[in-house]
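As stored in upload21.cif (mmCIF, C-alpha atoms):
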data_data
loop_
_atom_site.label_atom_id
_atom_site.label_comp_id
_atom_site.auth_asym_id
_atom_site.auth_seq_id
_atom_site.Cartn_x
_atom_site.Cartn_y
_atom_site.Cartn_z
CA MET D 173 16.37 -51.39 -6.22
CA ALA D 174 13.76 -49.23 -4.55
CA ILE D 175 13.48 -45.70 -5.85
CA SER D 176 14.46 -44.28 -2.46
CA THR D 177 17.67 -46.27 -2.50
CA VAL D 178 18.49 -44.98 -5.96
CA ILE D 179 17.89 -41.42 -4.83
CA TYR D 180 19.92 -41.96 -1.73
CA ASN D 181 22.83 -43.45 -3.63
CA THR D 182 22.89 -40.74 -6.30
CA PHE D 183 22.35 -37.59 -4.27
CA PHE D 184 22.90 -38.20 -0.60
CA ARG D 185 25.79 -40.62 -0.30
CA ARG D 186 28.62 -38.22 -1.11
CA ASN D 187 28.59 -34.87 0.62
CA SER D 188 30.03 -33.06 -2.40
CA ILE D 189 27.19 -34.30 -4.59
CA PHE D 190 24.67 -33.52 -1.88
CA VAL D 191 25.79 -29.90 -1.51
CA GLY D 192 25.99 -29.56 -5.28
CA THR D 193 22.43 -30.87 -5.58
CA VAL D 194 21.19 -28.35 -3.03
CA LEU D 195 22.87 -25.45 -4.82
CA PHE D 196 21.82 -26.52 -8.29
CA GLY D 197 18.32 -27.32 -7.03
CA ALA D 198 17.94 -23.83 -5.59
CA PHE D 199 19.15 -22.36 -8.86
CA ALA D 200 16.81 -24.43 -11.01
CA PHE D 201 13.87 -23.93 -8.66
CA GLU D 202 14.27 -20.19 -8.70
CA ILE D 203 14.26 -20.04 -12.48
CA GLY D 204 11.12 -22.14 -12.70
CA PHE D 205 9.37 -20.42 -9.81
CA ASP D 206 10.13 -16.92 -11.06
CA SER D 207 9.02 -17.62 -14.59
CA THR D 208 5.79 -19.22 -13.36
CA ILE D 209 5.02 -16.23 -11.17
CA ASP D 210 5.93 -13.87 -14.01
CA LYS D 211 3.50 -15.65 -16.32
CA PHE D 212 0.70 -15.46 -13.77
CA TRP D 213 1.53 -11.85 -12.94
CA ASP D 214 1.59 -10.67 -16.53
CA ALA D 215 -1.66 -12.47 -17.30
CA ARG D 216 -3.39 -10.97 -14.29
CA ASN D 217 -2.13 -7.46 -15.01
CA SER D 218 -2.17 -7.64 -18.78
CA GLY D 219 -2.56 -4.29 -20.46
CA LYS D 220 -1.60 -2.37 -17.33
CA GLN D 221 2.17 -2.67 -17.20
CA TRP D 222 4.68 -0.55 -19.06
CA LYS D 223 5.79 -3.45 -21.22
CA ASP D 224 2.20 -3.77 -22.47
CA ILE D 225 1.99 -0.16 -23.64
CA LYS D 226 5.62 0.51 -24.49
CA TYR D 227 5.19 -0.43 -28.18
CA LYS D 228 2.89 2.58 -28.72
CA TYR D 229 5.62 5.02 -27.83
CA VAL D 230 8.68 3.24 -29.16
CA GLU D 231 7.16 2.97 -32.64
CA LYS D 232 6.39 6.65 -32.63
CA ASP D 233 10.05 7.34 -31.92
CA ASP D 234 11.06 5.35 -34.99
CA GLU D 235 8.79 7.32 -37.27
CA GLU D 236 10.25 10.62 -36.21
CA MET W 198 -22.37 2.64 23.92
CA VAL W 199 -24.41 -0.29 25.16
CA ASN W 200 -24.69 -1.60 21.64
CA ARG W 201 -20.99 -1.41 21.05
CA LEU W 202 -20.33 -3.13 24.33
CA SER W 203 -22.84 -5.95 23.81
CA GLY W 204 -21.24 -6.88 20.49
CA SER W 205 -17.76 -7.01 21.93
CA PRO W 206 -16.06 -10.30 22.76
CA LEU W 207 -15.39 -9.01 26.26
CA PHE W 208 -19.10 -8.63 26.86
CA LYS W 209 -19.86 -12.05 25.48
CA ARG W 210 -17.28 -13.62 27.75
CA LEU W 211 -18.63 -11.65 30.68
CA ALA W 212 -22.19 -12.62 29.87
CA SER W 213 -21.34 -16.26 29.55
CA SER W 214 -19.37 -16.32 32.77
CA VAL W 215 -22.20 -14.58 34.55
CA SER W 216 -24.79 -17.01 33.19
CA ARG W 217 -22.52 -19.91 34.06
CA GLY W 218 -22.43 -18.53 37.56
CA PHE W 219 -26.20 -18.41 37.58
CA SER W 220 -26.64 -21.86 36.19
CA THR W 221 -24.40 -23.25 38.89
CA SER W 222 -26.47 -21.49 41.46
CA THR W 223 -29.77 -22.78 40.04
CA LYS W 224 -28.40 -26.29 40.08
CA GLN W 225 -27.64 -25.81 43.71
CA ALA W 226 -30.92 -24.00 44.32
CA SER W 227 -32.22 -26.87 46.37
CA GLY W 228 -29.23 -26.60 48.64
CA GLU W 229 -27.54 -23.27 49.02
CA VAL W 230 -25.27 -21.20 46.80
CA SER W 231 -21.69 -21.92 47.69
CA GLY W 232 -19.64 -19.02 49.00
CA ALA W 233 -17.10 -19.34 46.21
CA THR W 234 -19.78 -19.15 43.51
CA ARG W 235 -21.35 -16.11 45.05
CA ASN W 236 -17.98 -14.41 45.31
CA ALA W 237 -17.18 -15.24 41.70
CA VAL W 238 -20.50 -13.80 40.51
CA LEU W 239 -20.04 -10.69 42.62
CA ALA W 240 -16.48 -10.19 41.41
CA THR W 241 -17.55 -10.64 37.79
CA VAL W 242 -20.41 -8.21 38.09
CA ALA W 243 -18.18 -5.69 39.87
CA THR W 244 -15.47 -6.04 37.20
CA GLY W 245 -17.98 -5.73 34.37
CA GLY W 246 -19.58 -2.72 36.02
CA LEU W 247 -16.23 -1.02 36.54
CA ALA W 248 -15.21 -1.69 32.99
CA ALA W 249 -18.49 -0.31 31.64
CA TRP W 250 -18.16 2.76 33.81
CA TYR W 251 -14.58 3.29 32.67
CA VAL W 252 -15.50 2.93 28.99
CA ASN W 253 -18.41 5.27 29.46
CA LEU W 254 -16.21 7.86 31.08
CA TYR W 255 -13.05 7.66 28.98
CA GLY W 256 -13.91 5.50 25.96
CA ASN W 257 -15.45 8.28 23.93
CA PRO W 258 -13.57 11.47 24.73
CA ILE W 259 -15.35 14.68 23.88
CA LYS W 260 -13.53 16.34 21.02
CA ALA W 261 -13.63 20.04 20.41
CA VAL W 262 -13.75 19.35 16.66
CA THR W 263 -16.88 19.33 14.57
CA LEU W 264 -17.23 16.91 11.68
CA ALA W 265 -16.77 19.79 9.26
CA GLU W 266 -13.52 20.74 10.90
CA HIS W 267 -12.42 17.13 10.60
CA GLY W 268 -13.14 17.06 6.88
CA LEU W 269 -15.62 14.89 5.03
CA HIS W 270 -14.57 11.27 4.78
CA PRO W 271 -13.82 10.37 1.16
CA ALA W 272 -15.66 7.46 -0.45
CA GLU W 273 -13.62 4.36 -1.22
CA TYR W 274 -12.91 4.10 -4.91
CA PRO W 275 -12.04 0.91 -6.81
CA TRP W 276 -8.50 1.90 -7.82
CA SER W 277 -7.11 -0.45 -10.40
CA HIS W 278 -4.06 -0.98 -8.19
CA ASN W 279 -6.01 -1.69 -4.98
CA GLY W 280 -5.64 -5.45 -4.83
CA TRP W 281 -2.72 -7.33 -3.34
CA LEU W 282 -1.74 -8.56 -6.78
CA ASP W 283 -2.60 -5.51 -8.86
CA THR W 284 0.02 -3.30 -10.49
CA PHE W 285 -0.46 0.32 -11.37
CA ASP W 286 -2.22 1.03 -14.64
CA HIS W 287 0.71 2.55 -16.47
CA SER W 288 -1.40 4.19 -19.17
CA SER W 289 -3.08 6.05 -16.34
CA LEU W 290 0.33 6.95 -14.84
CA ARG W 291 1.38 8.40 -18.17
CA ARG W 292 -1.78 10.49 -18.44
CA GLY W 293 -1.42 11.49 -14.80
CA PHE W 294 2.08 12.77 -15.37
CA LEU W 295 0.75 14.93 -18.18
CA VAL W 296 -1.85 16.40 -15.82
CA TYR W 297 0.79 17.04 -13.17
CA LYS W 298 3.10 18.67 -15.71
CA GLU W 299 0.43 20.85 -17.30
CA VAL W 300 -1.64 21.75 -14.25
CA CYS W 301 -0.22 21.00 -10.80
CA ALA W 302 3.43 21.79 -11.66
CA ALA W 303 2.50 25.48 -11.84
CA CYS W 304 2.22 25.50 -8.04
CA HIS W 305 3.39 22.15 -6.63
CA SER W 306 6.91 20.74 -6.64
CA LEU W 307 7.73 17.06 -6.98
CA ASN W 308 11.13 17.26 -5.35
CA LEU W 309 11.76 13.56 -4.78
CA VAL W 310 11.15 12.43 -8.34
CA ALA W 311 14.06 12.40 -10.79
CA TRP W 312 13.46 12.35 -14.53
CA ARG W 313 15.21 9.00 -14.85
CA THR W 314 12.63 7.29 -12.66
CA LEU W 315 9.97 7.90 -15.30
CA VAL W 316 11.91 5.85 -17.83
CA GLY W 317 10.32 2.45 -18.26
CA VAL W 318 7.35 3.47 -16.14
CA THR W 319 5.50 6.11 -18.10
CA HIS W 320 7.82 7.13 -20.92
CA THR W 321 10.70 5.89 -23.06
CA SER W 322 14.14 7.24 -22.26
CA ASP W 323 14.13 9.38 -25.42
CA GLU W 324 10.87 11.00 -24.39
CA VAL W 325 12.10 11.71 -20.86
CA ARG W 326 15.40 13.11 -22.16
CA ALA W 327 13.50 15.51 -24.40
CA MET W 328 11.29 16.64 -21.50
CA ALA W 329 14.26 17.17 -19.18
CA GLU W 330 16.09 19.20 -21.81
CA GLU W 331 13.26 21.73 -21.82
CA PHE W 332 14.40 22.89 -18.38
CA GLU W 333 17.61 24.66 -17.40
CA TYR W 334 19.73 23.54 -14.48
CA ASP W 335 22.80 24.98 -12.80
CA ASP W 336 25.98 23.51 -14.27
CA GLU W 337 29.21 22.77 -12.41
CA PRO W 338 31.24 25.94 -11.72
CA ASN W 339 33.44 26.82 -14.71
CA ASP W 340 37.12 27.90 -14.56
CA GLU W 341 36.14 31.34 -13.26
CA GLY W 342 33.90 29.81 -10.62
CA GLU W 343 30.76 30.99 -12.28
CA ILE W 344 27.77 28.77 -12.55
CA GLU W 345 26.32 28.53 -15.99
CA LYS W 346 23.10 26.94 -17.10
CA ARG W 347 22.81 23.67 -18.96
CA PRO W 348 19.83 21.71 -20.26
CA GLY W 349 18.40 19.06 -17.95
CA LYS W 350 19.58 15.45 -17.95
CA LEU W 351 17.96 12.20 -16.93
CA SER W 352 19.72 12.35 -13.56
CA ASP W 353 18.21 15.74 -12.66
CA TYR W 354 15.19 16.05 -10.44
CA ILE W 355 11.92 17.50 -11.70
CA PRO W 356 12.27 21.28 -11.19
CA ALA W 357 10.16 23.08 -8.58
CA PRO W 358 7.91 25.98 -9.62
CA TYR W 359 9.21 28.30 -6.88
CA ALA W 360 12.74 28.96 -5.69
CA ASN W 361 11.81 28.64 -2.02
CA GLU W 362 8.95 28.49 0.43
CA GLN W 363 8.65 32.27 0.74
CA ALA W 364 8.28 32.70 -3.00
CA ALA W 365 5.65 29.93 -3.04
CA ARG W 366 3.68 31.54 -0.23
CA ALA W 367 3.95 34.99 -1.77
CA ALA W 368 2.46 33.71 -5.00
CA ASN W 369 -0.39 31.86 -3.24
CA GLN W 370 -1.74 34.42 -0.79
CA GLY W 371 0.34 33.05 2.05
CA ALA W 372 -0.57 29.40 1.56
CA LEU W 373 2.13 26.87 0.78
CA PRO W 374 1.32 24.35 -1.95
CA PRO W 375 2.85 21.21 -0.43
CA ASP W 376 5.35 19.08 -2.27
CA LEU W 377 3.38 16.29 -3.93
CA SER W 378 6.06 13.57 -3.94
CA LEU W 379 4.68 11.83 -0.87
CA ILE W 380 1.27 13.43 -0.61
CA ILE W 381 -0.61 10.14 -1.08
CA LYS W 382 1.20 8.68 1.93
CA ALA W 383 0.95 11.92 3.88
CA ARG W 384 -2.83 12.20 3.95
CA HIS W 385 -5.44 10.01 5.57
CA GLY W 386 -7.43 8.32 2.86
CA GLY W 387 -4.50 8.50 0.39
CA CYS W 388 -5.76 8.24 -3.18
CA ASP W 389 -9.41 8.45 -2.17
CA TYR W 390 -8.76 11.72 -0.35
CA VAL W 391 -6.78 13.42 -3.09
CA PHE W 392 -9.29 12.34 -5.75
CA SER W 393 -12.20 13.58 -3.62
CA LEU W 394 -10.39 16.83 -2.91
CA LEU W 395 -9.74 17.52 -6.58
CA THR W 396 -13.29 16.71 -7.65
CA GLY W 397 -15.01 17.97 -4.49
CA TYR W 398 -15.41 21.67 -5.19
CA PRO W 399 -19.13 22.50 -5.31
CA ASP W 400 -20.22 25.44 -7.46
CA GLU W 401 -20.97 27.36 -4.32
CA PRO W 402 -20.65 26.53 -0.62
CA PRO W 403 -23.78 24.97 0.93
CA ALA W 404 -26.07 27.24 2.92
CA GLY W 405 -24.61 28.00 6.30
CA ALA W 406 -21.02 27.17 5.37
CA THR W 407 -18.69 30.12 5.47
CA VAL W 408 -15.15 30.32 4.26
CA ALA W 409 -12.59 32.97 5.03
CA PRO W 410 -11.87 35.40 2.20
CA GLY W 411 -9.32 34.02 -0.24
CA LEU W 412 -10.24 30.44 0.61
CA ASN W 413 -12.37 28.04 -1.41
CA TYR W 414 -15.00 25.73 -0.01
CA ASN W 415 -14.15 22.03 -0.17
CA PRO W 416 -15.85 19.68 2.29
CA TYR W 417 -13.03 17.11 2.13
CA PHE W 418 -10.38 19.56 3.32
CA PRO W 419 -10.29 19.75 7.12
CA GLY W 420 -12.07 22.97 8.04
CA GLY W 421 -13.71 23.27 4.64
CA GLY W 422 -11.69 26.29 3.48
CA ILE W 423 -8.72 25.51 1.23
CA ALA W 424 -6.35 27.98 -0.38
CA MET W 425 -6.19 25.95 -3.58
CA GLY W 426 -9.10 26.67 -5.87
CA ARG W 427 -10.64 24.16 -8.22
CA VAL W 428 -7.94 23.44 -10.81
CA LEU W 429 -9.41 20.65 -12.94
CA PHE W 430 -12.07 21.39 -15.53
CA ASP W 431 -13.35 19.18 -18.34
CA GLY W 432 -11.11 19.29 -21.38
CA LEU W 433 -8.24 21.07 -19.65
CA VAL W 434 -5.58 18.81 -21.13
CA GLU W 435 -5.56 16.73 -24.27
CA TYR W 436 -4.61 13.11 -23.83
CA GLU W 437 -2.56 11.62 -26.64
CA ASP W 438 -4.30 8.25 -26.27
CA GLY W 439 -7.69 9.82 -26.96
CA THR W 440 -9.09 9.31 -23.47
CA PRO W 441 -11.72 12.03 -22.86
CA ALA W 442 -10.17 14.48 -20.39
CA THR W 443 -13.07 14.87 -18.00
CA THR W 444 -12.50 16.36 -14.57
CA SER W 445 -12.81 13.00 -12.84
CA GLN W 446 -10.62 11.25 -15.43
CA MET W 447 -7.83 13.78 -14.90
CA ALA W 448 -8.24 13.60 -11.14
CA LYS W 449 -8.06 9.81 -11.23
CA ASP W 450 -4.99 9.82 -13.49
CA VAL W 451 -3.06 12.43 -11.54
CA THR W 452 -3.89 10.72 -8.26
CA THR W 453 -2.68 7.39 -9.60
CA PHE W 454 0.48 9.12 -10.79
CA LEU W 455 1.04 10.73 -7.38
CA ASN W 456 0.56 7.31 -5.80
CA TRP W 457 3.35 6.03 -8.02
CA ALA W 458 5.52 9.02 -7.02
CA ALA W 459 5.02 8.12 -3.37
CA GLU W 460 5.47 4.39 -3.93
CA PRO W 461 7.64 3.79 -6.98
CA GLU W 462 8.43 0.33 -5.63
CA HIS W 463 4.73 -0.58 -5.63
CA ASP W 464 4.61 -3.08 -8.51
CA VAL W 465 7.80 -4.90 -7.55
CA ARG W 466 6.80 -4.92 -3.90
CA LYS W 467 3.54 -6.69 -4.59
CA LYS W 468 5.14 -9.24 -6.89
CA THR W 469 7.90 -9.98 -4.37
CA GLY W 470 5.28 -10.18 -1.63
CA LEU W 471 3.45 -12.87 -3.57
CA LYS W 472 6.64 -14.90 -3.92
CA VAL W 473 7.50 -14.46 -0.26
CA LEU W 474 4.05 -15.60 0.83
CA ILE W 475 4.19 -18.70 -1.36
CA ILE W 476 7.66 -19.69 -0.17
CA THR W 477 7.15 -18.96 3.52
CA GLY W 478 3.71 -20.55 3.39
CA THR W 479 5.20 -23.73 1.98
CA LEU W 480 8.03 -23.74 4.51
CA TRP W 481 5.49 -23.23 7.28
CA ALA W 482 3.44 -26.19 6.12
CA ILE W 483 6.57 -28.35 5.88
CA SER W 484 7.71 -27.33 9.34
CA LEU W 485 4.29 -28.24 10.76
CA TRP W 486 4.50 -31.61 9.11
CA VAL W 487 8.04 -32.22 10.37
CA LYS W 488 7.03 -31.27 13.88
CA ARG W 489 4.12 -33.71 13.86
CA PHE W 490 6.30 -36.38 12.34
CA LYS W 491 9.01 -36.00 14.96
CA TRP W 492 6.57 -35.85 17.82
CA SER W 493 4.36 -38.72 16.72
CA PRO W 494 6.19 -41.39 18.79
CA ILE W 495 5.87 -39.23 21.86
CA LYS W 496 2.27 -38.21 21.24
CA THR W 497 1.14 -41.79 20.58
CA ARG W 498 3.06 -43.58 23.30
CA ARG W 499 1.19 -45.15 26.15
CA ILE W 500 2.47 -45.46 29.62
CA VAL W 501 1.12 -48.56 31.25
CA TYR W 502 1.43 -49.31 34.86
CA LYS W 503 1.86 -52.97 35.56
CA PRO W 504 1.41 -53.57 39.20
CA PRO W 505 4.03 -55.91 40.56
CA LYS W 506 2.77 -59.36 41.33
CA LEU W 507 2.60 -59.88 44.94
#
Take the structure I supplied and represent it as structure tokens, if you would.
Amino acid sequence: MAISTVIYNTFFRRNSIFVGTVLFGAFAFEIGFDSTIDKFWDARNSGKQWKDIKYKYVEKDDEE
Amino acid sequence: MVNRLSGSPLFKRLASSVSRGFSTSTKQASGEVSGATRNAVLATVATGGLAAWYVNLYGNPIKAVTLAEHGLHPAEYPWSHNGWLDTFDHSSLRRGFLVYKEVCAACHSLNLVAWRTLVGVTHTSDEVRAMAEEFEYDDEPNDEGEIEKRPGKLSDYIPAPYANEQAARAANQGALPPDLSLIIKARHGGCDYVFSLLTGYPDEPPAGATVAPGLNYNPYFPGGGIAMGRVLFDGLVEYEDGTPATTSQMAKDVTTFLNWAAEPEHDVRKKTGLKVLIITGTLWAISLWVKRFKWSPIKTRRIVYKPPKL
């Protein structure tokens, strides 16, 4: 069976599965997309964001 | 004027249409220039002339403002948050808040910034709580309807140095130190302007420049005479991270901090913008492809006329 037929039969044939695929796909995509962007963002701005400097001040609080 | 005009696309279009008109006429030089061509050339020249005259007359209005009155244009500085994908430098924000608190807060309010907004940006919540508690705020009315004082909480706003505008003016020889919450957005040049203003006080005004008594000379301030004197001097504050507190370092830090105060959404906005551009860019590309796909039968069809056999 051609790959397209397999895809069609699994995801597109029944509307309930189709809608479910769309919703789950959006969910999964967003997680992946966001974490990829986050990784790029934090690498590009490393050392500048609060999370990069927070440790300096939290530790000091513990000592006190 | 002529230079500006000759570089403009309008001029290029004009020039090319004029020369096209001429080339047509040279081609026909052996015969005679057609009436339509001559009219087109005349109309073009007339339109171009009118436009040039109009620009000359109204394009550059005479302003009754000298450059000094306008204020010196600040240089562009390479702020670490300038780029589309650059966040604020939060170490700088933290230092800048210290400068605001120790220097500017004596005269300038920061009415739109609540203590809680500093949490997770420049300070930990414990640090901000401790700073807020140093100030007293009006409490809710008690059973007798009297208002007592209580120490500040995270939800309070940063207190203003003066109770009202009159008190502020009275303490500053009639000049009102503006609220700094939105100052970066409220001035042309934004960060570059405020930085230049803070670092732009010469030791004495240049020859020929006069300032009214009580004012200080600063070329970046429109008019050159500003009621705020120079406030930043080397070593005025002590940074906990060991950064040398030079005048320009403090000016840079406090300006960055004021930029955050005016745009607290800055970092998130840029990150969201990146995501939006990627997603909409992809959707745009897909929609182009779909359009071409759907149209391809129509674009590639051929209509053939087969004459009926007689």
Starting from the displayed file, determine the output of the PyMOL selection byres ((chain W and resi 431) around 7) and express the residue list as an NGL selection string.
:W and (429-430 or 432-433 or 442-444)
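The coordinates place CA of Ala240 in chain W at 22.0 Å from CA of Tyr255 in chain W.
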Which residues are near range 211-217 of chain D? Cut-off 9 Å, only C-alpha atoms, ignore same chain within fewer than 6 positions. Put them as an mmCIF file with C-alpha atoms, keeping the file's coordinate frame.
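Written file, part-v9.cif:
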data_model
loop_
_atom_site.group_PDB
_atom_site.id
_atom_site.type_symbol
_atom_site.label_atom_id
_atom_site.label_comp_id
_atom_site.auth_asym_id
_atom_site.auth_seq_id
_atom_site.Cartn_x
_atom_site.Cartn_y
_atom_site.Cartn_z
ATOM 1 C CA LEU W 282 -1.740 -8.560 -6.780
ATOM 2 C CA ASP W 283 -2.600 -5.510 -8.860
ATOM 3 C CA THR W 284 0.020 -3.300 -10.490
ATOM 4 C CA PHE W 285 -0.460 0.320 -11.370
ATOM 5 C CA ASP W 286 -2.220 1.030 -14.640
ATOM 6 C CA LYS W 468 5.140 -9.240 -6.890
#
Hey, what comes out of the PyMOL selection byres ((chain W and resi 335) around 6) on this file? Could you write it as a VMD selection string?
chain W and resid 334 336 345 to 346
Cut-off 9 Å: closest chain D/chain W atom pairs per residue, using only C-alpha atoms, as CSV:
residue,atom,partner,partner_atom,distance
D:Phe205,CA,W:Lys472,CA,8.5
D:Asp206,CA,W:Lys472,CA,8.2
D:Ile209,CA,W:Lys472,CA,7.5
D:Asp210,CA,W:Lys468,CA,8.5
D:Trp213,CA,W:Lys468,CA,7.5
D:Arg216,CA,W:Asp283,CA,7.7
D:Asn217,CA,W:Asp283,CA,6.5
D:Gly219,CA,W:Asp286,CA,7.9
D:Lys220,CA,W:Asp286,CA,4.4
D:Gln221,CA,W:His287,CA,5.5
D:Trp222,CA,W:Val318,CA,5.6
D:Lys223,CA,W:Gly317,CA,8.0
D:Asp224,CA,W:His287,CA,8.8
D:Ile225,CA,W:Ser288,CA,7.1
D:Lys226,CA,W:Thr321,CA,7.5
D:Tyr229,CA,W:Thr321,CA,7.0
D:Val230,CA,W:Thr321,CA,7.0
D:Asp233,CA,W:Asp323,CA,7.9
Writing out the chosen residues with C-alpha atoms as an mmCIF file, in the coordinates of the input:
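What follows is the written file selection_11.cif:
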data_model
loop_
_atom_site.group_PDB
_atom_site.id
_atom_site.type_symbol
_atom_site.label_atom_id
_atom_site.label_comp_id
_atom_site.auth_asym_id
_atom_site.auth_seq_id
_atom_site.Cartn_x
_atom_site.Cartn_y
_atom_site.Cartn_z
ATOM 1 C CA PHE D 205 9.370 -20.420 -9.810
ATOM 2 C CA ASP D 206 10.130 -16.920 -11.060
ATOM 3 C CA ILE D 209 5.020 -16.230 -11.170
ATOM 4 C CA ASP D 210 5.930 -13.870 -14.010
ATOM 5 C CA TRP D 213 1.530 -11.850 -12.940
ATOM 6 C CA ARG D 216 -3.390 -10.970 -14.290
ATOM 7 C CA ASN D 217 -2.130 -7.460 -15.010
ATOM 8 C CA GLY D 219 -2.560 -4.290 -20.460
ATOM 9 C CA LYS D 220 -1.600 -2.370 -17.330
ATOM 10 C CA GLN D 221 2.170 -2.670 -17.200
ATOM 11 C CA TRP D 222 4.680 -0.550 -19.060
ATOM 12 C CA LYS D 223 5.790 -3.450 -21.220
ATOM 13 C CA ASP D 224 2.200 -3.770 -22.470
ATOM 14 C CA ILE D 225 1.990 -0.160 -23.640
ATOM 15 C CA LYS D 226 5.620 0.510 -24.490
ATOM 16 C CA TYR D 229 5.620 5.020 -27.830
ATOM 17 C CA VAL D 230 8.680 3.240 -29.160
ATOM 18 C CA ASP D 233 10.050 7.340 -31.920
#
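The space between CA of Ile179 in chain D and CA of Phe199 in chain D spans 19.5 Å.
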Just give me the gap between CA of Lys298 in chain W and CA of Glu331 in chain W in Å, one decimal is fine.
12.2 Å
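Those DNA, RNA and protein residues that approach the point (-10.0, 8.6, -6.5) to within 10 Å, considering only C-alpha atoms, are Pro271, Ala272, Glu273, Tyr274, Pro275, Trp276, Gly386, Gly387, Cys388, Asp389, Tyr390, Val391, Phe392, Ser393, Leu394, Leu395, Thr396, Ser445, Gln446, Ala448, Lys449, Asp450, Val451, Thr452 and Thr453 of chain W.
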Atoms kept (C-alpha atoms) for selection, written as a compact mmCIF listing (two decimals), keeping the file's coordinate frame:
# COMPACT_ATOMS: atom_id res chain seq x y z
CA PRO W 271 -13.82 10.37 1.16
CA ALA W 272 -15.66 7.46 -0.45
CA GLU W 273 -13.62 4.36 -1.22
CA TYR W 274 -12.91 4.10 -4.91
CA PRO W 275 -12.04 0.91 -6.81
CA TRP W 276 -8.50 1.90 -7.82
CA GLY W 386 -7.43 8.32 2.86
CA GLY W 387 -4.50 8.50 0.39
CA CYS W 388 -5.76 8.24 -3.18
CA ASP W 389 -9.41 8.45 -2.17
CA TYR W 390 -8.76 11.72 -0.35
CA VAL W 391 -6.78 13.42 -3.09
CA PHE W 392 -9.29 12.34 -5.75
CA SER W 393 -12.20 13.58 -3.62
CA LEU W 394 -10.39 16.83 -2.91
CA LEU W 395 -9.74 17.52 -6.58
CA THR W 396 -13.29 16.71 -7.65
CA SER W 445 -12.81 13.00 -12.84
CA GLN W 446 -10.62 11.25 -15.43
CA ALA W 448 -8.24 13.60 -11.14
CA LYS W 449 -8.06 9.81 -11.23
CA ASP W 450 -4.99 9.82 -13.49
CA VAL W 451 -3.06 12.43 -11.54
CA THR W 452 -3.89 10.72 -8.26
CA THR W 453 -2.68 7.39 -9.60
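Every protein, DNA or RNA residue with an atom at most 12 Å from range 365-367 of chain W, where all atoms listed in the file count and chain neighbours fewer than 4 positions away do not, is listed here: Ala303, Cys304, His305, Ser306, Ala357, Pro358, Tyr359, Ala360, Asn361, Gly371, Ala372, Leu373, Pro374, Pro375, Asp376, Ala424 and Met425 of chain W.
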Please determine an axis-aligned box that encloses all atoms of range 242-256 of chain W listed in the file, with 5 Å added on each side, and express its centre and edge lengths in Å to one decimal as JSON.
{"center_x": -16.7, "center_y": -0.2, "center_z": 32.9, "size_x": 17.4, "size_y": 26.1, "size_z": 23.9}
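Between Thr314 in chain W and the residues W:Ile495, W:Leu295, W:Leu351, W:Ala249, the shortest atom-to-atom distance, using all atoms listed in the file, involves W:Leu351.
The neighbours of Leu264 in chain W here are the residues that come within 12 Å of it, using all atoms listed in the file and leaving out any residue fewer than 2 positions away in the same chain; they are Lys260, Ala261, Val262, Glu266, His267, Gly268, Leu269, His270, Pro416, Tyr417, Phe418, Pro419, Gly420 and Gly421 of chain W.
Remark: for Ala327 in chain W, the closest of the candidate residues W:Val230, W:Arg313, W:Thr477, W:Asn413 is W:Arg313 (distances computed over all atoms listed in the file).
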Once the PyMOL selection byres ((chain W and resi 402) around 12) is applied to the coordinates I shared, what remains selected? I want it as an MDAnalysis selection string.
chainID W and resid 397:401 403:409 412:416 421:422
